[in-house]
Every structure is written in structure tokens, then in C-alpha cells.
>>> print(open('structure.pdb').read())   # PDB, C-alpha atoms
ATOM      1  CA  GLU N   1      -9.405  18.651  -1.112  1.00  0.00           C
ATOM      2  CA  LYS N   2     -11.091  15.253  -0.780  1.00  0.00           C
ATOM      3  CA  GLU N   3     -10.192  14.348  -4.360  1.00  0.00           C
ATOM      4  CA  ILE N   4      -6.538  15.299  -3.811  1.00  0.00           C
ATOM      5  CA  VAL N   5      -6.342  13.239  -0.628  1.00  0.00           C
ATOM      6  CA  SER N   6      -7.953  10.250  -2.376  1.00  0.00           C
ATOM      7  CA  ILE N   7      -5.524  10.429  -5.310  1.00  0.00           C
ATOM      8  CA  LEU N   8      -2.490  10.783  -3.065  1.00  0.00           C
ATOM      9  CA  ALA N   9      -3.686   7.935  -0.834  1.00  0.00           C
ATOM     10  CA  THR N  10      -3.676   5.676  -3.896  1.00  0.00           C
ATOM     11  CA  GLU N  11      -0.170   6.845  -4.763  1.00  0.00           C
ATOM     12  CA  CYS N  12       0.974   6.155  -1.210  1.00  0.00           C
ATOM     13  CA  ALA N  13      -0.407   2.612  -1.408  1.00  0.00           C
ATOM     14  CA  GLU N  14       1.533   2.093  -4.619  1.00  0.00           C
ATOM     15  CA  GLU N  15       4.709   3.405  -3.010  1.00  0.00           C
ATOM     16  CA  TYR N  16       4.245   1.062  -0.047  1.00  0.00           C
ATOM     17  CA  ALA N  17       3.834  -1.875  -2.429  1.00  0.00           C
ATOM     18  CA  ARG N  18       6.929  -0.912  -4.391  1.00  0.00           C
ATOM     19  CA  LEU N  19       8.897  -0.510  -1.162  1.00  0.00           C
ATOM     20  CA  ILE N  20       7.917  -4.039  -0.105  1.00  0.00           C
ATOM     21  CA  VAL N  21       8.896  -5.578  -3.442  1.00  0.00           C
ATOM     22  CA  ASN N  22      12.163  -3.614  -3.617  1.00  0.00           C
ATOM     23  CA  ASP N  23      13.204  -4.630  -0.112  1.00  0.00           C
ATOM     24  CA  LEU N  24      12.310  -8.291  -0.516  1.00  0.00           C
ATOM     25  CA  LEU N  25      14.027  -8.571  -3.900  1.00  0.00           C
ATOM     26  CA  ALA N  26      17.185  -7.120  -2.354  1.00  0.00           C
ATOM     27  CA  ALA N  27      16.975  -9.243   0.791  1.00  0.00           C
ATOM     28  CA  GLY N  28      16.904 -12.781  -0.525  1.00  0.00           C
ATOM     29  CA  GLU N  29      19.415 -14.897  -2.387  1.00  0.00           C
ATOM     30  CA  GLN N  30      18.543 -15.376  -6.051  1.00  0.00           C
ATOM     31  CA  LEU N  31      17.887 -18.802  -7.544  1.00  0.00           C
ATOM     32  CA  ILE N  32      17.640 -19.156 -11.315  1.00  0.00           C
ATOM     33  CA  ALA N  33      15.389 -21.867 -12.707  1.00  0.00           C
ATOM     34  CA  THR N  34      17.615 -23.466 -15.331  1.00  0.00           C
ATOM     35  CA  GLY N  35      18.122 -26.892 -16.776  1.00  0.00           C
ATOM     36  CA  ASP N  36      17.131 -28.657 -19.965  1.00  0.00           C
ATOM     37  CA  THR N  37      13.597 -27.377 -20.473  1.00  0.00           C
ATOM     38  CA  GLY N  38      13.303 -28.865 -23.926  1.00  0.00           C
ATOM     39  CA  PRO N  39      10.864 -27.523 -26.517  1.00  0.00           C
ATOM     40  CA  PHE N  40       7.838 -27.625 -24.201  1.00  0.00           C
ATOM     41  CA  MET N  41       6.718 -24.866 -21.843  1.00  0.00           C
ATOM     42  CA  ALA N  42       5.160 -27.389 -19.453  1.00  0.00           C
ATOM     43  CA  THR N  43       8.605 -28.805 -18.733  1.00  0.00           C
ATOM     44  CA  ALA N  44       9.973 -25.326 -18.059  1.00  0.00           C
ATOM     45  CA  VAL N  45       7.101 -24.515 -15.686  1.00  0.00           C
ATOM     46  CA  ASP N  46       7.631 -27.758 -13.758  1.00  0.00           C
ATOM     47  CA  ASN N  47      11.296 -26.850 -13.447  1.00  0.00           C
ATOM     48  CA  VAL N  48      10.274 -23.499 -11.935  1.00  0.00           C
ATOM     49  CA  LEU N  49       8.102 -25.319  -9.377  1.00  0.00           C
ATOM     50  CA  VAL N  50      11.060 -27.482  -8.387  1.00  0.00           C
ATOM     51  CA  THR N  51      13.183 -24.358  -7.908  1.00  0.00           C
ATOM     52  CA  ILE N  52      10.452 -22.723  -5.787  1.00  0.00           C
ATOM     53  CA  ASN N  53      10.356 -25.784  -3.529  1.00  0.00           C
ATOM     54  CA  GLN N  54      14.147 -25.702  -3.335  1.00  0.00           C
ATOM     55  CA  ALA N  55      14.027 -22.050  -2.243  1.00  0.00           C
ATOM     56  CA  ALA N  56      11.348 -22.840   0.364  1.00  0.00           C
ATOM     57  CA  ASN N  57      13.475 -25.597   1.852  1.00  0.00           C
ATOM     58  CA  GLN N  58      16.540 -23.362   1.927  1.00  0.00           C
ATOM     59  CA  ILE N  59      14.530 -20.918   4.056  1.00  0.00           C
ATOM     60  CA  ALA N  60      13.721 -23.751   6.486  1.00  0.00           C
ATOM     61  CA  GLN N  61      17.385 -24.717   6.644  1.00  0.00           C
ATOM     62  CA  HIS N  62      18.572 -21.180   7.419  1.00  0.00           C
ATOM     63  CA  THR N  63      15.794 -20.044   9.777  1.00  0.00           C
ATOM     64  CA  ARG N  64      14.967 -23.284  11.624  1.00  0.00           C
ATOM     65  CA  ARG N  65      11.393 -21.974  11.620  1.00  0.00           C
ATOM     66  CA  GLY N  66       9.731 -23.702   8.700  1.00  0.00           C
ATOM     67  CA  THR N  67       9.669 -23.928   4.932  1.00  0.00           C
ATOM     68  CA  GLY N  68       8.843 -20.896   2.823  1.00  0.00           C
ATOM     69  CA  ASN N  69       5.085 -20.525   2.568  1.00  0.00           C
ATOM     70  CA  VAL N  70       4.499 -17.176   0.820  1.00  0.00           C
ATOM     71  CA  LEU N  71       4.790 -16.434  -2.907  1.00  0.00           C
ATOM     72  CA  ILE N  72       4.698 -12.978  -4.504  1.00  0.00           C
ATOM     73  CA  MET N  73       4.586 -12.950  -8.296  1.00  0.00           C
ATOM     74  CA  SER N  74       3.137 -11.151 -11.281  1.00  0.00           C
ATOM     75  CA  PRO N  75      -0.277 -12.155 -12.699  1.00  0.00           C
ATOM     76  CA  ILE N  76       1.583 -13.478 -15.771  1.00  0.00           C
ATOM     77  CA  ALA N  77       3.693 -15.843 -13.665  1.00  0.00           C
ATOM     78  CA  LEU N  78       0.594 -16.996 -11.773  1.00  0.00           C
ATOM     79  CA  ALA N  79      -1.204 -17.768 -15.023  1.00  0.00           C
ATOM     80  CA  LEU N  80       1.770 -19.775 -16.301  1.00  0.00           C
ATOM     81  CA  LEU N  81       2.198 -21.782 -13.111  1.00  0.00           C
ATOM     82  CA  SER N  82      -1.542 -22.396 -12.810  1.00  0.00           C
ATOM     83  CA  ALA N  83      -1.430 -24.184 -16.163  1.00  0.00           C
ATOM     84  CA  SER N  84       0.633 -26.933 -14.518  1.00  0.00           C
ATOM     85  CA  LYS N  85      -1.293 -29.694 -12.755  1.00  0.00           C
ATOM     86  CA  ASN N  86       1.515 -29.853 -10.206  1.00  0.00           C
ATOM     87  CA  PHE N  87       0.900 -26.288  -8.988  1.00  0.00           C
ATOM     88  CA  GLN N  88      -2.628 -27.012  -7.675  1.00  0.00           C
ATOM     89  CA  PHE N  89      -3.569 -23.368  -7.217  1.00  0.00           C
ATOM     90  CA  THR N  90      -6.921 -22.631  -5.571  1.00  0.00           C
ATOM     91  CA  LYS N  91      -8.244 -19.135  -6.157  1.00  0.00           C
ATOM     92  CA  ASP N  92     -10.057 -17.450  -3.293  1.00  0.00           C
ATOM     93  CA  GLU N  93     -13.468 -16.683  -4.781  1.00  0.00           C
ATOM     94  CA  ASP N  94     -14.184 -14.054  -2.128  1.00  0.00           C
ATOM     95  CA  ILE N  95     -11.348 -11.829  -3.344  1.00  0.00           C
ATOM     96  CA  ASP N  96     -12.268  -8.704  -5.291  1.00  0.00           C
ATOM     97  CA  GLU N  97      -9.754  -8.744  -8.174  1.00  0.00           C
ATOM     98  CA  THR N  98     -10.241  -5.033  -8.852  1.00  0.00           C
ATOM     99  CA  LEU N  99      -9.396  -4.199  -5.248  1.00  0.00           C
ATOM    100  CA  THR N 100      -6.415  -6.556  -5.381  1.00  0.00           C
ATOM    101  CA  MET N 101      -5.061  -4.702  -8.398  1.00  0.00           C
ATOM    102  CA  LEU N 102      -5.530  -1.345  -6.675  1.00  0.00           C
ATOM    103  CA  ARG N 103      -3.590  -2.569  -3.670  1.00  0.00           C
ATOM    104  CA  LYS N 104      -0.677  -3.452  -5.970  1.00  0.00           C
ATOM    105  CA  VAL N 105       0.275  -6.411  -3.760  1.00  0.00           C
ATOM    106  CA  GLY N 106      -2.805  -8.497  -3.058  1.00  0.00           C
ATOM    107  CA  TYR N 107      -3.762 -11.940  -1.766  1.00  0.00           C
ATOM    108  CA  VAL N 108      -5.330 -14.171  -4.421  1.00  0.00           C
ATOM    109  CA  GLY N 109      -5.363 -17.744  -3.095  1.00  0.00           C
ATOM    110  CA  ASN N 110      -3.410 -20.799  -1.977  1.00  0.00           C
ATOM    111  CA  VAL N 111      -1.414 -23.623  -3.500  1.00  0.00           C
ATOM    112  CA  ALA N 112      -2.345 -27.236  -2.647  1.00  0.00           C
ATOM    113  CA  SER N 113      -5.109 -28.337  -0.319  1.00  0.00           C
ATOM    114  CA  SER N 114      -2.727 -28.116   2.641  1.00  0.00           C
ATOM    115  CA  LYS N 115      -2.177 -24.426   1.873  1.00  0.00           C
ATOM    116  CA  GLN N 116       1.524 -25.041   1.368  1.00  0.00           C
ATOM    117  CA  TYR N 117       1.889 -21.582  -0.200  1.00  0.00           C
ATOM    118  CA  THR N 118      -0.139 -18.409   0.203  1.00  0.00           C
ATOM    119  CA  VAL N 119      -0.073 -16.552  -3.112  1.00  0.00           C
ATOM    120  CA  TYR N 120       0.021 -12.793  -3.655  1.00  0.00           C
ATOM    121  CA  THR N 121       0.202 -10.990  -6.975  1.00  0.00           C
ATOM    122  CA  SER N 122       1.865  -7.669  -7.717  1.00  0.00           C
ATOM    123  CA  LEU N 123       1.910  -5.366 -10.723  1.00  0.00           C
ATOM    124  CA  ASP N 124       5.425  -4.167  -9.920  1.00  0.00           C
ATOM    125  CA  PRO N 125       7.379  -4.177 -13.209  1.00  0.00           C
ATOM    126  CA  GLN N 126      10.433  -5.596 -11.456  1.00  0.00           C
ATOM    127  CA  LEU N 127       8.638  -8.941 -11.227  1.00  0.00           C
ATOM    128  CA  SER N 128       7.849  -9.165 -14.932  1.00  0.00           C
ATOM    129  CA  GLN N 129      10.064  -7.688 -17.634  1.00  0.00           C
ATOM    130  CA  ASP N 130      10.608  -8.769 -21.245  1.00  0.00           C
ATOM    131  CA  GLY N 131       9.467 -12.346 -20.641  1.00  0.00           C
ATOM    132  CA  LYS N 132      11.625 -12.743 -17.541  1.00  0.00           C
ATOM    133  CA  GLU N 133       9.613 -13.482 -14.423  1.00  0.00           C
ATOM    134  CA  THR N 134      10.720 -13.200 -10.796  1.00  0.00           C
ATOM    135  CA  ILE N 135       8.939 -14.854  -7.875  1.00  0.00           C
ATOM    136  CA  ILE N 136       9.581 -13.931  -4.240  1.00  0.00           C
ATOM    137  CA  VAL N 137       9.492 -16.891  -1.838  1.00  0.00           C
ATOM    138  CA  GLY N 138       9.177 -16.008   1.840  1.00  0.00           C
ATOM    139  CA  TYR N 139       8.279 -17.346   5.258  1.00  0.00           C
ATOM    140  CA  LYS N 140       5.416 -16.103   7.431  1.00  0.00           C
ATOM    141  CA  GLY N 141       4.923 -18.057  10.650  1.00  0.00           C
ATOM    142  CA  GLY N 142       1.658 -18.878  12.354  1.00  0.00           C
ATOM    143  CA  SER N 143       2.601 -17.500  15.776  1.00  0.00           C
ATOM    144  CA  GLY N 144       1.185 -14.039  15.153  1.00  0.00           C
ATOM    145  CA  GLU N 145       1.600 -11.073  12.855  1.00  0.00           C
ATOM    146  CA  CYS N 146       5.180 -10.519  14.037  1.00  0.00           C
ATOM    147  CA  ASP N 147       6.385 -14.030  13.184  1.00  0.00           C
ATOM    148  CA  THR N 148       8.403 -12.810  10.212  1.00  0.00           C
ATOM    149  CA  ALA N 149      11.549 -10.830   9.468  1.00  0.00           C
ATOM    150  CA  TYR N 150       9.933  -7.965   7.538  1.00  0.00           C
ATOM    151  CA  ILE N 151       7.038  -5.872   8.859  1.00  0.00           C
ATOM    152  CA  LEU N 152       5.571  -2.783   7.185  1.00  0.00           C
ATOM    153  CA  CYS N 153       2.806  -1.061   9.121  1.00  0.00           C
ATOM    154  CA  PRO N 154       1.227   1.963   7.352  1.00  0.00           C
ATOM    155  CA  TYR N 155      -0.904   2.977  10.305  1.00  0.00           C
ATOM    156  CA  ILE N 156      -1.837   6.347   8.780  1.00  0.00           C
ATOM    157  CA  SER N 157      -1.918   6.072   4.988  1.00  0.00           C
ATOM    158  CA  ILE N 158      -2.522   9.795   4.536  1.00  0.00           C
ATOM    159  CA  THR N 159      -3.948  12.620   6.612  1.00  0.00           C
ATOM    160  CA  SER N 160      -4.683  16.257   5.886  1.00  0.00           C
ATOM    161  CA  SER N 161      -4.094  19.298   8.075  1.00  0.00           C
ATOM    162  CA  GLY N 162      -6.985  21.065   6.383  1.00  0.00           C
ATOM    163  CA  VAL N 163      -6.721  24.421   4.716  1.00  0.00           C
ATOM    164  CA  VAL N 164      -4.346  26.780   6.541  1.00  0.00           C
ATOM    165  CA  ILE N 165      -3.007  30.218   5.633  1.00  0.00           C
ATOM    166  CA  ASP N 166       0.686  30.581   4.930  1.00  0.00           C
ATOM    167  CA  PRO N 167       1.842  33.399   7.266  1.00  0.00           C
ATOM    168  CA  ARG N 168       4.414  34.584   4.717  1.00  0.00           C
ATOM    169  CA  THR N 169       2.339  34.675   1.540  1.00  0.00           C
ATOM    170  CA  PHE N 170      -1.185  34.672   3.053  1.00  0.00           C
ATOM    171  CA  GLN N 171      -2.099  31.988   0.506  1.00  0.00           C
ATOM    172  CA  PRO N 172      -4.243  28.991   1.489  1.00  0.00           C
ATOM    173  CA  GLN N 173      -2.358  25.694   1.595  1.00  0.00           C
ATOM    174  CA  VAL N 174      -2.938  22.097   2.627  1.00  0.00           C
ATOM    175  CA  GLN N 175      -0.375  19.903   4.361  1.00  0.00           C
ATOM    176  CA  LEU N 176      -0.568  16.158   3.730  1.00  0.00           C
ATOM    177  CA  MET N 177       1.278  13.614   5.845  1.00  0.00           C
ATOM    178  CA  THR N 178       1.757   9.859   5.910  1.00  0.00           C
ATOM    179  CA  ARG N 179       3.121   7.681   8.702  1.00  0.00           C
ATOM    180  CA  PHE N 180       4.277   4.095   8.703  1.00  0.00           C
ATOM    181  CA  GLY N 181       6.494   1.779  10.708  1.00  0.00           C
ATOM    182  CA  LEU N 182       9.074  -0.524   9.128  1.00  0.00           C
ATOM    183  CA  PHE N 183      10.953  -3.342  10.846  1.00  0.00           C
ATOM    184  CA  VAL N 184      13.638  -5.395   9.100  1.00  0.00           C
ATOM    185  CA  ALA N 185      15.470  -8.099  11.055  1.00  0.00           C
ATOM    186  CA  ASN N 186      19.233  -7.667  10.661  1.00  0.00           C
ATOM    187  CA  GLY N 187      20.560 -10.611  12.666  1.00  0.00           C
ATOM    188  CA  ASP N 188      22.315  -8.523  15.311  1.00  0.00           C
ATOM    189  CA  ASP N 189      20.977 -10.561  18.223  1.00  0.00           C
ATOM    190  CA  ASN N 190      20.552 -13.857  16.397  1.00  0.00           C
ATOM    191  CA  GLU N 191      22.202 -14.579  13.059  1.00  0.00           C
ATOM    192  CA  MET N 192      19.307 -16.821  12.070  1.00  0.00           C
ATOM    193  CA  TYR N 193      16.856 -13.958  12.591  1.00  0.00           C
ATOM    194  CA  ASP N 194      17.998 -12.062   9.521  1.00  0.00           C
ATOM    195  CA  VAL N 195      15.760 -10.994   6.664  1.00  0.00           C
ATOM    196  CA  LYS N 196      18.137 -12.560   4.134  1.00  0.00           C
ATOM    197  CA  ASN N 197      17.347 -15.988   5.613  1.00  0.00           C
ATOM    198  CA  TYR N 198      13.595 -15.542   5.336  1.00  0.00           C
ATOM    199  CA  TYR N 199      13.362 -14.712   1.624  1.00  0.00           C
ATOM    200  CA  ARG N 200      14.532 -16.070  -1.727  1.00  0.00           C
ATOM    201  CA  THR N 201      13.861 -14.985  -5.293  1.00  0.00           C
ATOM    202  CA  VAL N 202      13.302 -17.382  -8.182  1.00  0.00           C
ATOM    203  CA  THR N 203      13.949 -16.059 -11.679  1.00  0.00           C
ATOM    204  CA  PHE N 204      13.072 -17.763 -14.946  1.00  0.00           C
ATOM    205  CA  ASP N 205      13.196 -16.769 -18.594  1.00  0.00           C
ATOM    206  CA  LEU N 206      10.442 -17.827 -20.992  1.00  0.00           C
ATOM    207  CA  THR N 207      11.395 -15.684 -23.967  1.00  0.00           C
ATOM    208  CA  LYS N 208      12.261 -18.810 -25.962  1.00  0.00           C
ATOM    209  CA  PHE N 209       8.590 -19.814 -25.886  1.00  0.00           C
ATOM    210  CA  PHE N 210       6.921 -16.510 -26.665  1.00  0.00           C
ATOM    211  CA  ASN N 211       7.671 -12.886 -27.292  1.00  0.00           C
ATOM    212  CA  THR N 212       6.555 -10.504 -24.528  1.00  0.00           C
ATOM    213  CA  PRO N 213       6.399  -6.794 -25.289  1.00  0.00           C
ATOM    214  CA  ALA N 214       8.710  -4.640 -23.185  1.00  0.00           C
ATOM    215  CA  VAL N 215       7.114  -3.005 -20.149  1.00  0.00           C
TER     216      VAL N 215
END
>>> encode(input="structure.pdb", output="C-alpha cells")
Amino acid sequence: EKEIVSILATECAEEYARLIVNDLLAAGEQLIATGDTGPFMATAVDNVLVTINQAANQIAQHTRRGTGNVLIMSPIALALLSASKNFQFTKDEDIDETLTMLRKVGYVGNVASSKQYTVYTSLDPQLSQDGKETIIVGYKGGSGECDTAYILCPYISITSSGVVIDPRTFQPQVQLMTRFGLFVANGDDNEMYDVKNYYRTVTFDLTKFFNTPAV
């Protein structure tokens, strides 16, 4: 029973992570990093950084709260952006990378000494497919855990009822349950307080520079 609960708890964590990525990808307006990238990848990466900053400032314009300060991306995108001296990514050395991978969406560090962006990585295939990378830009305020437009609270990841006997078949069975709370701002009371204003997605295509196997 313990092994089953442990396996299903891991699956639940993965489902939570996929739910977050799905919702945030659907919530925000999409920006495509385009322009004359030339023959050099460094130029293309710098263009992506400009688009990320553009998305962050759009969030400030629409929310009146502050610029976007959260990035969610694939490990591939993080590696590419980290190669640029303009990204100034600082990895948090206290983070257990194995645990971060197991969590599916995990904190890895910050960008710039002023912590302009908090960076999370995700293994969700929607963020990295066939050389096309997608980065989620969002806003998380400093006024508490609720200073955002999207809150997922898995307060019971998984719990077991223990072994019980089915009164119809007299066979032993185990019931497993999970509970979580989800809040998504919809702008009913305040049009600025809408999840679509708090998130943007930045998409860029690097297939011209290298061939990435299909996921």
C-alpha cells in the first residue's frame, strides 16, 4: 500500500505541474521573438531577452502592480539564455536539482543581482518541442502569497482510506483521494485583476541553428 501511495503521489505532483503550465499558457497573450537574428545564435538569444523584458513591462502596464518578475521555462531554454552575458543568471547552489526535476516545476535561481526575475524550470513538453521554446513570464508581488492572480494549493497531495472490504464483493480495496484549492482571478470585480493581465508567453524558434529531436 505504501508503494502505491508513493507512486500515485508522484503522479499527482506531475498532474499539478501540468495543470499550472496548461493554465498559464492559456491565460497570457503570446509574444513571438522575431526579427533579423542573423547567422549567430547569440543575436537570437539577445532578441529573446528583449522580448521577455517587453512582456514584463506589458504586465506592469495592464496590472498597475509591477513588472513581470517570474519566468518558467524548460532546462534547454535556461541553458541557451544563460549563455548570454546579458541574462546574468545566478543559480541557487542550495537547490537539489534532482528534487527540482521530481517536482516538475522547480525554483532554480534568479536573474541579475537585483533579482529582477525568479526562474523556475519545468519538464512539461509544451515548453520545449522540436526546437521551439516557450517561456512563461508572470508577476508575483511581494505583499504575501496571495499577491498574484493564480493560486494552486494542493493541501492534501494524496491520502489513503486504508484497506476496507467492499460490501458487495467482499474484496479488500483501498480508496485514494487528493484535495487541492485553485483560484484564478477573472476580473469580475476589477478588470485589472484578471489572470490574462498577469501572464505572457514568449515563443522563439531556434531550429535554424540546430536540429532538436522530436519529443
>>> resolve_selection(input="structure.pdb", expression="the PyMOL selection byres ((chain N and resi 177-186) around 8)", output="number ranges by chain")
N: 149-160, 175-176, 187-188, 191, 193-195
>>> closest_atom_pairs(input="structure.pdb", of="segment 116-182 of chain N", to="segment 46-60 of chain N", cutoff="12 Å", atoms="all atoms listed in the file", output="CSV")
residue,atom,partner,partner_atom,distance
N:Gln116,CA,N:Ala56,CA,10.1
N:Tyr117,CA,N:Ala56,CA,9.6
N:Glu133,CA,N:Val48,CA,10.3
N:Thr134,CA,N:Val48,CA,10.4
N:Ile135,CA,N:Ile52,CA,8.3
N:Ile136,CA,N:Ile52,CA,9.0
N:Val137,CA,N:Ala56,CA,6.6
N:Gly138,CA,N:Ala56,CA,7.3
N:Tyr139,CA,N:Ile59,CA,7.3
N:Lys140,CA,N:Ile59,CA,10.8
N:Gly141,CA,N:Ala60,CA,11.3
N:Thr148,CA,N:Ile59,CA,11.9
N:Ala149,CA,N:Ile59,CA,11.8
>>> closest_residue(input="structure.pdb", among="N:Tyr199, N:Leu8, N:Lys2, N:Arg65", to="Val163 of chain N", atoms="all atoms listed in the file")
N:Lys2
>>> resolve_selection(input="structure.pdb", expression="the PyMOL selection byres ((chain N and resi 79) around 12)", output="count of residues only")
19
>>> closest_residue(input="structure.pdb", among="N:Asn69, N:Gln129, N:Asn86, N:Thr10", to="Ala42 of chain N", atoms="only C-alpha atoms")
N:Asn86
>>> atom_distance(input="structure.pdb", atom1="atom CA of Leu71 of chain N", atom2="atom CA of Asp189 of chain N")
27.3 Å
>>> residues_near_point(input="structure.pdb", point="(19.5, -12.0, -16.0)", cutoff="9 Å", atoms="all atoms listed in the file", output="list of chain:residue names")
N:Ile32, N:Lys132, N:Thr203, N:Phe204, N:Asp205
>>> write_last_selection(input="structure.pdb", atoms="C-alpha atoms", output="short mmCIF file (atom, residue, chain, number, x, y, z; two decimals), in the frame of the given file")
data_model
loop_
_atom_site.label_atom_id
_atom_site.label_comp_id
_atom_site.auth_asym_id
_atom_site.auth_seq_id
_atom_site.Cartn_x
_atom_site.Cartn_y
_atom_site.Cartn_z
CA ILE N 32 17.64 -19.16 -11.32
CA LYS N 132 11.62 -12.74 -17.54
CA THR N 203 13.95 -16.06 -11.68
CA PHE N 204 13.07 -17.76 -14.95
CA ASP N 205 13.20 -16.77 -18.59
#
>>> atom_distance(input="structure.pdb", atom1="atom CA of Ser143 of chain N", atom2="atom CA of His62 of chain N")
18.4 Å
>>> axis_aligned_box(input="structure.pdb", around="segment 8-18 of chain N", padding_each_side="4 Å", output="JSON")
{"center_x": 1.6, "center_y": 4.5, "center_z": -2.4, "size_x": 18.6, "size_y": 20.7, "size_z": 12.7}
>>> atom_distance(input="structure.pdb", atom1="atom CA of Ile165 of chain N", atom2="atom CA of Ser6 of chain N")
22.1 Å
>>> resolve_selection(input="structure.pdb", expression="the PyMOL selection byres ((chain N and resi 21) around 9)", output="JSON, numbers by chain")
{"N": [16, 17, 18, 19, 20, 22, 23, 24, 25, 26, 72, 105, 122, 124, 126, 127, 136]}
>>> closest_residue(input="structure.pdb", among="N:Val119, N:Met41, N:Met192, N:Val111", to="Leu206 of chain N", atoms="only C-alpha atoms")
N:Met41
>>> closest_residue(input="structure.pdb", among="N:Thr43, N:Ile4, N:Ala13, N:Val70", to="Tyr198 of chain N", atoms="all atoms listed in the file")
N:Val70
